[in-house]
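upload.pdb (PDB, C-alpha atoms and all ligand atoms) appears below.
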```pdb
ATOM      1  CA  MET A   1      14.700 154.692 101.718
ATOM      2  CA  THR A   2      15.749 154.739 105.377
ATOM      3  CA  ALA A   3      17.668 151.691 106.515
ATOM      4  CA  PRO A   4      16.373 150.174 109.733
ATOM      5  CA  GLU A   5      18.550 150.352 112.834
ATOM      6  CA  PRO A   6      20.605 147.238 113.572
ATOM      7  CA  ALA A   7      18.715 144.745 115.732
ATOM      8  CA  ALA A   8      19.374 144.982 119.482
ATOM      9  CA  PRO A   9      21.460 141.746 119.528
ATOM     10  CA  VAL A  10      23.783 143.275 116.900
ATOM     11  CA  HIS A  11      24.379 146.284 119.171
ATOM     12  CA  GLU A  12      24.999 143.891 122.066
ATOM     13  CA  THR A  13      27.537 141.891 120.051
ATOM     14  CA  ALA A  14      29.276 145.083 118.892
ATOM     15  CA  GLU A  15      29.493 146.350 122.465
ATOM     16  CA  ALA A  16      30.814 142.989 123.697
ATOM     17  CA  ILE A  17      33.517 143.012 120.988
ATOM     18  CA  ALA A  18      34.524 146.598 121.826
ATOM     19  CA  THR A  19      34.793 145.838 125.553
ATOM     20  CA  MET A  20      36.561 142.512 124.823
ATOM     21  CA  GLU A  21      33.929 140.419 126.524
ATOM     22  CA  ILE A  22      34.019 138.735 123.107
ATOM     23  CA  ARG A  23      37.678 138.584 122.101
ATOM     24  CA  GLY A  24      40.238 136.631 120.102
ATOM     25  CA  ALA A  25      40.330 137.072 116.352
ATOM     26  CA  ALA A  26      38.472 133.880 115.402
ATOM     27  CA  THR A  27      35.840 134.282 118.113
ATOM     28  CA  ILE A  28      35.189 137.871 117.036
ATOM     29  CA  ALA A  29      34.718 136.651 113.445
ATOM     30  CA  ARG A  30      32.329 133.903 114.494
ATOM     31  CA  GLU A  31      30.208 136.219 116.648
ATOM     32  CA  ALA A  32      30.123 138.899 113.925
ATOM     33  CA  ALA A  33      28.868 136.363 111.362
ATOM     34  CA  ALA A  34      26.286 135.110 113.861
ATOM     35  CA  ALA A  35      25.156 138.702 114.497
ATOM     36  CA  LEU A  36      24.598 139.245 110.761
ATOM     37  CA  ALA A  37      22.466 136.096 110.696
ATOM     38  CA  THR A  38      20.450 137.465 113.624
ATOM     39  CA  GLN A  39      20.007 140.767 111.809
ATOM     40  CA  ALA A  40      18.761 138.880 108.743
ATOM     41  CA  ARG A  41      16.319 136.836 110.822
ATOM     42  CA  GLU A  42      14.936 139.877 112.653
ATOM     43  CA  THR A  43      14.683 142.368 109.777
ATOM     44  CA  GLU A  44      11.071 143.087 108.889
ATOM     45  CA  VAL A  45      10.947 145.050 105.639
ATOM     46  CA  ASP A  46       9.105 144.603 102.353
ATOM     47  CA  SER A  47      11.718 145.624  99.817
ATOM     48  CA  PRO A  48      14.904 143.726  98.920
ATOM     49  CA  ASP A  49      16.838 147.022  98.870
ATOM     50  CA  ALA A  50      15.774 147.854 102.422
ATOM     51  CA  PHE A  51      16.752 144.359 103.524
ATOM     52  CA  ARG A  52      20.231 144.632 101.986
ATOM     53  CA  ALA A  53      20.685 148.077 103.531
ATOM     54  CA  SER A  54      19.733 146.823 106.982
ATOM     55  CA  VAL A  55      22.259 143.974 106.851
ATOM     56  CA  ARG A  56      24.949 146.401 105.678
ATOM     57  CA  VAL A  57      24.144 148.808 108.518
ATOM     58  CA  ALA A  58      24.569 145.923 110.961
ATOM     59  CA  ALA A  59      27.896 145.040 109.314
ATOM     60  CA  ARG A  60      29.082 148.658 109.654
ATOM     61  CA  THR A  61      28.185 148.696 113.349
ATOM     62  CA  LEU A  62      30.209 145.519 113.892
ATOM     63  CA  HIS A  63      33.084 146.740 111.707
ATOM     64  CA  GLU A  64      33.576 149.878 113.795
ATOM     65  CA  THR A  65      34.330 148.012 117.032
ATOM     66  CA  ARG A  66      38.010 147.000 116.849
ATOM     67  CA  PRO A  67      40.404 147.889 114.030
ATOM     68  CA  THR A  68      43.262 145.355 114.065
ATOM     69  CA  ALA A  69      41.921 141.806 113.757
ATOM     70  CA  VAL A  70      41.175 141.375 110.049
ATOM     71  CA  SER A  71      39.086 138.300 110.804
ATOM     72  CA  LEU A  72      36.254 140.733 111.554
ATOM     73  CA  PRO A  73      36.063 142.425 108.108
ATOM     74  CA  ASN A  74      36.855 139.082 106.464
ATOM     75  CA  ALA A  75      33.807 137.546 108.196
ATOM     76  CA  LEU A  76      31.569 140.454 107.207
ATOM     77  CA  ARG A  77      32.840 140.305 103.617
ATOM     78  CA  TYR A  78      32.230 136.542 103.398
ATOM     79  CA  VAL A  79      28.595 136.888 104.452
ATOM     80  CA  LEU A  80      27.763 140.105 102.553
ATOM     81  CA  GLN A  81      29.227 138.794  99.303
ATOM     82  CA  ARG A  82      26.868 135.820  99.499
ATOM     83  CA  MET A  83      23.747 137.918 100.182
ATOM     84  CA  GLU A  84      21.718 137.124  97.055
ATOM     85  CA  GLY A  85      18.112 137.033  95.960
ATOM     86  CA  ARG A  86      15.314 138.995  94.353
ATOM     87  CA  ASP A  87      12.970 138.855  97.320
ATOM     88  CA  VAL A  88      13.372 139.355 101.048
ATOM     89  CA  GLU A  89      12.933 135.699 102.026
ATOM     90  CA  THR A  90      15.617 134.512  99.588
ATOM     91  CA  LEU A  91      17.968 137.255 100.764
ATOM     92  CA  ARG A  92      17.306 136.334 104.384
ATOM     93  CA  ARG A  93      18.062 132.664 103.740
ATOM     94  CA  SER A  94      21.264 133.502 101.847
ATOM     95  CA  VAL A  95      22.642 135.544 104.776
ATOM     96  CA  VAL A  96      21.760 132.922 107.378
ATOM     97  CA  ASP A  97      23.240 130.131 105.228
ATOM     98  CA  ALA A  98      26.434 132.114 104.525
ATOM     99  CA  ALA A  99      26.923 132.832 108.240
ATOM    100  CA  ASP A 100      26.404 129.148 109.108
ATOM    101  CA  GLU A 101      28.826 128.093 106.385
ATOM    102  CA  PHE A 102      31.423 130.616 107.577
ATOM    103  CA  ILE A 103      31.161 129.391 111.178
ATOM    104  CA  ASP A 104      31.498 125.746 110.048
ATOM    105  CA  GLN A 105      34.601 126.629 108.058
ATOM    106  CA  LEU A 106      36.130 128.356 111.100
ATOM    107  CA  GLU A 107      35.732 125.205 113.163
ATOM    108  CA  ARG A 108      37.191 123.009 110.422
ATOM    109  CA  ALA A 109      40.102 125.383 109.773
ATOM    110  CA  ARG A 110      41.011 125.370 113.448
ATOM    111  CA  THR A 111      41.036 121.565 113.552
ATOM    112  CA  ASP A 112      43.056 121.295 110.337
ATOM    113  CA  LEU A 113      45.664 123.863 111.356
ATOM    114  CA  GLY A 114      45.901 122.221 114.772
ATOM    115  CA  ARG A 115      47.074 119.004 113.119
ATOM    116  CA  VAL A 116      49.690 120.887 111.073
ATOM    117  CA  GLY A 117      51.004 122.759 114.113
ATOM    118  CA  ALA A 118      51.036 119.601 116.202
ATOM    119  CA  ASN A 119      53.392 117.968 113.708
ATOM    120  CA  ARG A 120      55.985 120.615 114.607
ATOM    121  CA  LEU A 121      55.878 119.564 118.258
ATOM    122  CA  ALA A 122      57.656 116.465 119.585
ATOM    123  CA  ASP A 123      56.915 114.222 122.540
ATOM    124  CA  GLY A 124      58.382 115.817 125.671
ATOM    125  CA  ASP A 125      58.465 119.375 124.295
ATOM    126  CA  THR A 126      57.847 122.469 126.362
ATOM    127  CA  VAL A 127      56.112 125.355 124.600
ATOM    128  CA  MET A 128      55.917 129.023 125.552
ATOM    129  CA  THR A 129      52.682 130.893 124.815
ATOM    130  CA  HIS A 130      51.743 134.550 124.645
ATOM    131  CA  CYS A 131      48.198 135.866 125.172
ATOM    132  CA  HIS A 132      45.287 133.511 124.414
ATOM    133  CA  SER A 133      44.830 132.186 120.923
ATOM    134  CA  THR A 134      42.376 129.444 119.998
ATOM    135  CA  ASP A 135      44.497 128.693 116.916
ATOM    136  CA  ALA A 136      47.699 128.343 118.974
ATOM    137  CA  LEU A 137      45.886 126.181 121.512
ATOM    138  CA  ALA A 138      44.578 123.969 118.702
ATOM    139  CA  CYS A 139      48.183 123.021 117.845
ATOM    140  CA  ILE A 140      49.076 122.141 121.429
ATOM    141  CA  GLU A 141      45.801 120.281 122.031
ATOM    142  CA  ALA A 142      46.229 118.289 118.806
ATOM    143  CA  ALA A 143      49.757 117.319 119.871
ATOM    144  CA  VAL A 144      48.366 116.081 123.192
ATOM    145  CA  GLU A 145      45.660 114.151 121.315
ATOM    146  CA  GLN A 146      48.413 112.534 119.227
ATOM    147  CA  GLY A 147      49.727 111.152 122.519
ATOM    148  CA  LYS A 148      52.632 113.577 122.923
ATOM    149  CA  SER A 149      53.557 114.769 126.373
ATOM    150  CA  ILE A 150      53.694 118.588 126.232
ATOM    151  CA  SER A 151      54.251 121.125 128.997
ATOM    152  CA  ALA A 152      53.834 124.887 128.792
ATOM    153  CA  VAL A 153      55.338 128.118 130.058
ATOM    154  CA  VAL A 154      52.521 130.645 129.831
ATOM    155  CA  LYS A 155      53.136 134.399 129.800
ATOM    156  CA  GLU A 156      50.452 136.271 131.718
ATOM    157  CA  THR A 157      50.208 138.970 128.977
ATOM    158  CA  ARG A 158      49.646 142.331 130.568
ATOM    159  CA  PRO A 159      47.567 144.414 130.681
ATOM    160  CA  ARG A 160      44.538 142.117 130.361
ATOM    161  CA  ASN A 161      46.147 138.858 131.478
ATOM    162  CA  GLN A 162      44.709 136.685 128.720
ATOM    163  CA  GLY A 163      47.499 134.249 129.659
ATOM    164  CA  HIS A 164      45.267 133.198 132.546
ATOM    165  CA  ILE A 165      42.713 131.872 130.041
ATOM    166  CA  THR A 166      45.478 129.975 128.238
ATOM    167  CA  ALA A 167      46.736 128.540 131.545
ATOM    168  CA  GLU A 168      43.261 127.314 132.453
ATOM    169  CA  GLN A 169      42.546 125.766 129.053
ATOM    170  CA  LEU A 170      45.924 124.036 128.878
ATOM    171  CA  ARG A 171      45.521 122.698 132.382
ATOM    172  CA  ASP A 172      42.083 121.365 131.370
ATOM    173  CA  ALA A 173      43.788 119.625 128.433
ATOM    174  CA  GLY A 174      46.160 117.925 130.883
ATOM    175  CA  VAL A 175      49.190 120.106 130.059
ATOM    176  CA  PRO A 176      51.396 121.030 133.056
ATOM    177  CA  VAL A 177      51.551 124.858 133.129
ATOM    178  CA  THR A 178      54.080 127.292 134.565
ATOM    179  CA  LEU A 179      52.701 130.840 134.616
ATOM    180  CA  ILE A 180      55.272 133.662 134.395
ATOM    181  CA  VAL A 181      55.177 137.449 134.184
ATOM    182  CA  ASP A 182      55.931 138.811 130.710
ATOM    183  CA  SER A 183      59.308 140.199 131.684
ATOM    184  CA  ALA A 184      60.505 136.699 132.739
ATOM    185  CA  ALA A 185      60.145 135.351 129.204
ATOM    186  CA  ARG A 186      63.792 135.554 128.140
ATOM    187  CA  ARG A 187      64.941 133.786 131.289
ATOM    188  CA  TYR A 188      62.625 130.847 130.513
ATOM    189  CA  LEU A 189      63.395 130.613 126.799
ATOM    190  CA  ASP A 190      66.368 128.350 127.593
ATOM    191  CA  GLU A 191      63.882 125.838 129.003
ATOM    192  CA  VAL A 192      61.452 125.752 126.081
ATOM    193  CA  ASP A 193      61.538 124.002 122.703
ATOM    194  CA  HIS A 194      58.998 126.137 120.821
ATOM    195  CA  VAL A 195      57.187 129.430 121.087
ATOM    196  CA  VAL A 196      53.601 129.220 119.799
ATOM    197  CA  VAL A 197      51.553 132.372 119.268
ATOM    198  CA  GLY A 198      48.398 133.363 117.394
ATOM    199  CA  ALA A 199      47.754 136.306 115.096
ATOM    200  CA  ASP A 200      45.173 139.018 114.640
ATOM    201  CA  SER A 201      46.343 139.902 111.126
ATOM    202  CA  ILE A 202      49.055 138.756 108.750
ATOM    203  CA  ALA A 203      50.391 141.270 106.260
ATOM    204  CA  ALA A 204      51.342 140.514 102.658
ATOM    205  CA  ASP A 205      55.057 140.813 103.505
ATOM    206  CA  GLY A 206      54.666 138.098 106.163
ATOM    207  CA  GLY A 207      54.616 140.528 109.104
ATOM    208  CA  VAL A 208      52.617 139.061 111.985
ATOM    209  CA  ILE A 209      50.343 141.423 113.880
ATOM    210  CA  ASN A 210      49.627 139.917 117.275
ATOM    211  CA  LYS A 211      49.214 140.857 120.930
ATOM    212  CA  ILE A 212      51.651 143.487 122.152
ATOM    213  CA  GLY A 213      54.860 141.813 123.279
ATOM    214  CA  THR A 214      54.976 139.225 120.498
ATOM    215  CA  SER A 215      57.706 141.013 118.542
ATOM    216  CA  GLY A 216      60.058 141.290 121.541
ATOM    217  CA  LEU A 217      59.425 137.642 122.349
ATOM    218  CA  ALA A 218      60.188 136.660 118.753
ATOM    219  CA  VAL A 219      63.478 138.586 118.712
ATOM    220  CA  ASN A 220      64.505 136.954 121.991
ATOM    221  CA  ALA A 221      63.473 133.514 120.720
ATOM    222  CA  ARG A 222      65.613 133.967 117.615
ATOM    223  CA  GLU A 223      68.560 135.080 119.739
ATOM    224  CA  ARG A 224      68.117 131.977 121.914
ATOM    225  CA  GLY A 225      67.648 129.680 118.904
ATOM    226  CA  VAL A 226      64.099 128.703 119.897
ATOM    227  CA  PRO A 227      61.733 128.230 116.926
ATOM    228  CA  ILE A 228      58.632 130.388 116.956
ATOM    229  CA  MET A 229      55.474 129.687 114.964
ATOM    230  CA  THR A 230      52.298 131.645 114.555
ATOM    231  CA  ALA A 231      49.084 129.655 114.265
ATOM    232  CA  ALA A 232      46.697 131.588 112.070
ATOM    233  CA  GLN A 233      43.850 130.317 109.959
ATOM    234  CA  THR A 234      43.506 132.130 106.663
ATOM    235  CA  ILE A 235      40.802 134.543 107.863
ATOM    236  CA  LYS A 236      43.754 136.284 109.561
ATOM    237  CA  LEU A 237      45.320 137.147 106.186
ATOM    238  CA  HIS A 238      44.872 140.878 105.582
ATOM    239  CA  PRO A 239      43.904 141.362 101.908
ATOM    240  CA  GLU A 240      44.251 145.162 101.964
ATOM    241  CA  THR A 241      47.974 144.844 102.641
ATOM    242  CA  LEU A 242      48.286 143.417  99.112
ATOM    243  CA  THR A 243      47.671 146.925  97.837
ATOM    244  CA  GLY A 244      50.016 148.697 100.218
ATOM    245  CA  HIS A 245      47.709 149.440 103.148
ATOM    246  CA  THR A 246      49.141 149.092 106.632
ATOM    247  CA  VAL A 247      47.319 147.485 109.543
ATOM    248  CA  GLU A 248      45.966 149.870 112.144
ATOM    249  CA  ILE A 249      47.184 149.084 115.646
ATOM    250  CA  GLU A 250      44.424 149.495 118.198
ATOM    251  CA  MET A 251      45.184 151.848 121.094
ATOM    252  CA  ARG A 252      43.115 150.884 124.122
ATOM    253  CA  SER A 253      42.161 152.690 127.298
ATOM    254  CA  GLU A 254      44.937 153.925 129.591
ATOM    255  CA  THR A 255      42.941 152.559 132.543
ATOM    256  CA  GLU A 256      43.792 149.008 131.385
ATOM    257  CA  VAL A 257      47.416 149.850 132.239
ATOM    258  CA  ILE A 258      46.999 151.790 135.475
ATOM    259  CA  ALA A 259      44.030 152.563 137.698
ATOM    260  CA  ASP A 260      43.100 156.223 138.042
ATOM    261  CA  ALA A 261      43.971 156.364 141.767
ATOM    262  CA  ALA A 262      47.476 154.915 141.245
ATOM    263  CA  ARG A 263      48.020 157.276 138.349
ATOM    264  CA  ASP A 264      46.966 160.260 140.446
ATOM    265  CA  ASP A 265      49.512 159.212 143.094
ATOM    266  CA  ILE A 266      52.301 159.267 140.497
ATOM    267  CA  GLY A 267      51.409 162.678 139.107
ATOM    268  CA  GLU A 268      51.501 164.019 135.539
ATOM    269  CA  ILE A 269      52.552 161.192 133.189
ATOM    270  CA  THR A 270      51.636 159.941 129.731
ATOM    271  CA  VAL A 271      50.255 156.398 129.551
ATOM    272  CA  GLU A 272      49.928 154.502 126.283
ATOM    273  CA  ASN A 273      48.306 151.152 125.638
ATOM    274  CA  PRO A 274      48.852 149.721 122.151
ATOM    275  CA  ALA A 275      47.111 146.340 121.983
ATOM    276  CA  PHE A 276      49.247 144.820 119.199
ATOM    277  CA  ASP A 277      52.648 144.928 117.569
ATOM    278  CA  VAL A 278      54.192 143.733 114.315
ATOM    279  CA  THR A 279      56.737 140.935 114.207
ATOM    280  CA  PRO A 280      58.869 141.244 111.054
ATOM    281  CA  PRO A 281      58.870 138.038 108.976
ATOM    282  CA  ARG A 282      62.590 137.414 109.578
ATOM    283  CA  TYR A 283      61.862 136.681 113.261
ATOM    284  CA  MET A 284      59.077 134.175 112.625
ATOM    285  CA  ASP A 285      59.888 130.588 111.599
ATOM    286  CA  ALA A 286      56.524 129.503 110.254
ATOM    287  CA  ILE A 287      52.940 130.549 109.742
ATOM    288  CA  VAL A 288      50.720 127.534 110.347
ATOM    289  CA  THR A 289      47.366 127.615 108.532
ATOM    290  CA  GLU A 290      44.663 125.107 107.606
ATOM    291  CA  HIS A 291      46.370 124.887 104.186
ATOM    292  CA  GLY A 292      49.697 123.837 105.688
ATOM    293  CA  GLN A 293      52.689 125.745 107.038
ATOM    294  CA  PHE A 294      54.396 128.585 105.198
ATOM    295  CA  PRO A 295      57.593 130.559 105.626
ATOM    296  CA  PRO A 296      56.269 134.082 106.410
ATOM    297  CA  GLU A 297      57.807 135.553 103.242
ATOM    298  CA  SER A 298      55.761 133.222 101.026
ATOM    299  CA  ILE A 299      52.368 133.824 102.633
ATOM    300  CA  VAL A 300      51.635 136.400  99.928
ATOM    301  CA  THR A 301      51.140 133.551  97.450
ATOM    302  CA  LEU A 302      48.348 132.060  99.532
ATOM    303  CA  MET A 303      46.883 135.518 100.100
ATOM    304  CA  ARG A 304      46.662 136.184  96.345
ATOM    305  CA  GLU A 305      45.129 132.773  95.747
ATOM    306  CA  LEU A 306      42.407 133.360  98.346
ATOM    307  CA  PHE A 307      41.699 137.072  97.944
ATOM    308  CA  GLY A 308      42.858 138.043  94.462
ATOM    309  CA  GLU A 309      44.522 141.429  94.315
ATOM    310  CA  GLY A 310      42.500 143.225  96.943
ATOM    311  CA  ALA A 311      39.379 143.388  99.014
ATOM    312  CA  ALA A 312      35.941 144.869  98.547
ATOM    313  CA  GLU A 313      34.208 146.702 101.396
ATOM    314  CA  PRO A 314      30.570 145.726 100.890
ATOM    315  CA  TRP A 315      29.568 147.099 104.323
ATOM    316  CA  ALA A 316      30.503 150.591 103.128
ATOM    317  CA  GLU A 317      27.764 150.600 100.461
ATOM    318  CA  PRO A 318      24.647 152.516 101.454
TER     319      PRO A 318
HETATM  320  P1  LIG B   1      42.559 133.395 117.978
HETATM  321  C1  LIG B   1      43.931 137.973 120.487
HETATM  322  O1  LIG B   1      43.674 139.348 120.539
HETATM  323  C2  LIG B   1      45.397 137.642 120.660
HETATM  324  O2  LIG B   1      46.252 138.623 120.132
HETATM  325  C3  LIG B   1      45.467 136.328 119.911
HETATM  326  O3  LIG B   1      46.785 135.942 119.568
HETATM  327  C4  LIG B   1      44.602 136.646 118.704
HETATM  328  O4  LIG B   1      43.515 137.415 119.226
HETATM  329  C5  LIG B   1      44.128 135.477 117.900
HETATM  330  O5  LIG B   1      43.164 134.732 118.589
HETATM  331  P2  LIG B   1      42.625 139.997 121.593
HETATM  332  O6  LIG B   1      41.247 139.875 120.987
HETATM  333  O7  LIG B   1      41.766 133.770 116.768
HETATM  334  O8  LIG B   1      42.755 139.274 122.912
HETATM  335  O9  LIG B   1      43.696 132.475 117.646
HETATM  336  O10 LIG B   1      43.053 141.447 121.704
HETATM  337  O11 LIG B   1      41.684 132.846 119.100
END
```
Whole structure, structure tokens version:
Amino acid sequence: MTAPEPAAPVHETAEAIATMEIRGAATIAREAAAALATQARETEVDSPDAFRASVRVAARTLHETRPTAVSLPNALRYVLQRMEGRDVETLRRSVVDAADEFIDQLERARTDLGRVGANRLADGDTVMTHCHSTDALACIEAAVEQGKSISAVVKETRPRNQGHITAEQLRDAGVPVTLIVDSAARRYLDEVDHVVVGADSIAADGGVINKIGTSGLAVNARERGVPIMTAAQTIKLHPETLTGHTVEIEMRSETEVIADAARDDIGEITVENPAFDVTPPRYMDAIVTEHGQFPPESIVTLMRELFGEGAAEPWAEP
């Protein structure tokens, strides 16, 4: 049996994730689930086995795009584990329903964690942000909805400047924004009450894998006595770390750091562009999820409850 090629929209989604046109851990998860639903809708085969194989091929294509945000494999796993049925139409319906359910849960989790995070913020607080995280923004937006007056110091977040997206969305929410370069962060920590960041993966030991620069910010925040929280719905929990695996840090193109012409002017140099770093749990005050807030060291309890002792890789099956 030859599995059909993934549908064209699946390739388009995979390409958009790889190039970061679609980005942010939760958004990647949502679009990956939606792409599996599209694959299910567009697959025209007669046998249930061929149908299952075609959905798995689509999942593999999506899985190979970016390695760090565990929300992507968690989304694929959620949908594939609910693919059930003895005939093609039942299988198709199960995939579409699972993807819809997953996307609904994402929306609800974001709202619920936003309320938890907002409770950590007080009227008149100034928050510092790093990168662009829909989960982190949910906390600030919920605080504003509760009637609290919040202002923000937003780090631009080189090399891709996702801080600009944060600045725009906070401004739209009525939050006064001061945009700073990343290297100005320590200087401004004396003026902020909280640091709020997102996460791409959370390891079983409570380590927070987030946009490069988070760990330095967290160390500085601790030194300055400024509390730092990571807002991360539970699809960011990395089940493979329960069994000792480490999280792969994505290395992106050198051209994101320096244009070819400028590099040629400098001469022979090495350029490296890691997209993420790991903040050890001792530098993070709280992980805020839709199930409440946790000290990083205790997140393993929630991880076991939700994922058991490990994680299957249903996309790897033929
Ligand atoms: P939400 C982003 O990574 C940032 O690191 C951000 O903190 C994280 O995803 C979580 O995003 P990238 O895709 O799920 O910009 O909170 O490399 O939106």
What is the distance, in Å and to one decimal place, between atom CA of A:Val144 and atom CA of A:Ala118? 8.3 Å
Using all atoms listed in the file, I'd like a table of the residues in chain A that come within 8 Å of ligand LIG 1 (chain B); for each, show the closest atom pair and its distance in Å rounded to one decimal, ordered by chain and ascending number, as a tab-separated table.
```
residue	atom	partner	partner_atom	distance
A:Met20	CA	B:LIG1	O6	6.6
A:Ile22	CA	B:LIG1	O6	7.6
A:Arg23	CA	B:LIG1	O6	4.0
A:Gly24	CA	B:LIG1	O4	3.5
A:Ala25	CA	B:LIG1	O7	3.6
A:Ala26	CA	B:LIG1	O7	3.6
A:Thr27	CA	B:LIG1	O11	6.1
A:Ile28	CA	B:LIG1	O6	7.5
A:Ala69	CA	B:LIG1	O4	7.2
A:Ser71	CA	B:LIG1	O7	8.0
A:His130	CA	B:LIG1	O3	7.2
A:Cys131	CA	B:LIG1	C2	5.6
A:His132	CA	B:LIG1	C3	5.3
A:Ser133	CA	B:LIG1	O9	3.5
A:Thr134	CA	B:LIG1	O11	3.6
A:Asp135	CA	B:LIG1	O9	3.9
A:Ala136	CA	B:LIG1	O9	5.9
A:Leu137	CA	B:LIG1	O9	7.7
A:Gln162	CA	B:LIG1	O8	6.7
A:Val197	CA	B:LIG1	O3	6.0
A:Gly198	CA	B:LIG1	O3	3.7
A:Ala199	CA	B:LIG1	O3	4.6
A:Asp200	CA	B:LIG1	C4	4.7
A:Ile209	CA	B:LIG1	O2	8.0
A:Asn210	CA	B:LIG1	O2	4.6
A:Lys211	CA	B:LIG1	O2	3.8
A:Ile212	CA	B:LIG1	O2	7.5
A:Ala231	CA	B:LIG1	O9	7.0
A:Ala232	CA	B:LIG1	O9	6.4
A:Gln233	CA	B:LIG1	O7	7.9
A:Lys236	CA	B:LIG1	O7	7.9
A:Ala275	CA	B:LIG1	O10	6.4
A:Phe276	CA	B:LIG1	O2	6.9
```
Write out the residues from the selection above, keeping C-alpha atoms, as a compact mmCIF listing (two decimals), in the frame of the given file.
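Generated file (out_3.txt):
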```txt
# COMPACT_ATOMS: atom_id res chain seq x y z
CA MET A 20 36.56 142.51 124.82
CA ILE A 22 34.02 138.74 123.11
CA ARG A 23 37.68 138.58 122.10
CA GLY A 24 40.24 136.63 120.10
CA ALA A 25 40.33 137.07 116.35
CA ALA A 26 38.47 133.88 115.40
CA THR A 27 35.84 134.28 118.11
CA ILE A 28 35.19 137.87 117.04
CA ALA A 69 41.92 141.81 113.76
CA SER A 71 39.09 138.30 110.80
CA HIS A 130 51.74 134.55 124.64
CA CYS A 131 48.20 135.87 125.17
CA HIS A 132 45.29 133.51 124.41
CA SER A 133 44.83 132.19 120.92
CA THR A 134 42.38 129.44 120.00
CA ASP A 135 44.50 128.69 116.92
CA ALA A 136 47.70 128.34 118.97
CA LEU A 137 45.89 126.18 121.51
CA GLN A 162 44.71 136.68 128.72
CA VAL A 197 51.55 132.37 119.27
CA GLY A 198 48.40 133.36 117.39
CA ALA A 199 47.75 136.31 115.10
CA ASP A 200 45.17 139.02 114.64
CA ILE A 209 50.34 141.42 113.88
CA ASN A 210 49.63 139.92 117.28
CA LYS A 211 49.21 140.86 120.93
CA ILE A 212 51.65 143.49 122.15
CA ALA A 231 49.08 129.66 114.26
CA ALA A 232 46.70 131.59 112.07
CA GLN A 233 43.85 130.32 109.96
CA LYS A 236 43.75 136.28 109.56
CA ALA A 275 47.11 146.34 121.98
CA PHE A 276 49.25 144.82 119.20
```
Could you tell me which of A:Arg82, A:Lys148, A:Arg92, A:Arg222 comes closest to A:Ala122 if we count only C-alpha atoms? A:Lys148
Find the distance between atom CA of A:Gly114 and atom CA of A:Ala18 and write it in Å to one decimal.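 Separation of atom CA of A:Gly114 and atom CA of A:Ala18: 27.8 Å.
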Any chance you could resolve the PyMOL selection byres (((chain A and resi 76) around 8) and not hetatm) against this file and give the residues as an mmCIF file with C-alpha atoms, keeping the file's coordinate frame?
```cif
data_model
loop_
_atom_site.group_PDB
_atom_site.id
_atom_site.type_symbol
_atom_site.label_atom_id
_atom_site.label_comp_id
_atom_site.auth_asym_id
_atom_site.auth_seq_id
_atom_site.Cartn_x
_atom_site.Cartn_y
_atom_site.Cartn_z
ATOM 1 C CA ALA A 29 34.718 136.651 113.445
ATOM 2 C CA ALA A 32 30.123 138.899 113.925
ATOM 3 C CA ALA A 33 28.868 136.363 111.362
ATOM 4 C CA LEU A 36 24.598 139.245 110.761
ATOM 5 C CA ALA A 59 27.896 145.040 109.314
ATOM 6 C CA HIS A 63 33.084 146.740 111.707
ATOM 7 C CA LEU A 72 36.254 140.733 111.554
ATOM 8 C CA PRO A 73 36.063 142.425 108.108
ATOM 9 C CA ASN A 74 36.855 139.082 106.464
ATOM 10 C CA ALA A 75 33.807 137.546 108.196
ATOM 11 C CA ARG A 77 32.840 140.305 103.617
ATOM 12 C CA TYR A 78 32.230 136.542 103.398
ATOM 13 C CA VAL A 79 28.595 136.888 104.452
ATOM 14 C CA LEU A 80 27.763 140.105 102.553
ATOM 15 C CA TRP A 315 29.568 147.099 104.323
#
```
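Among the candidate residues A:Asn161, A:Thr234, A:Thr241, A:Thr255, the one lying nearest to A:Leu306 is A:Thr234, with distances computed using all atoms listed in the file.
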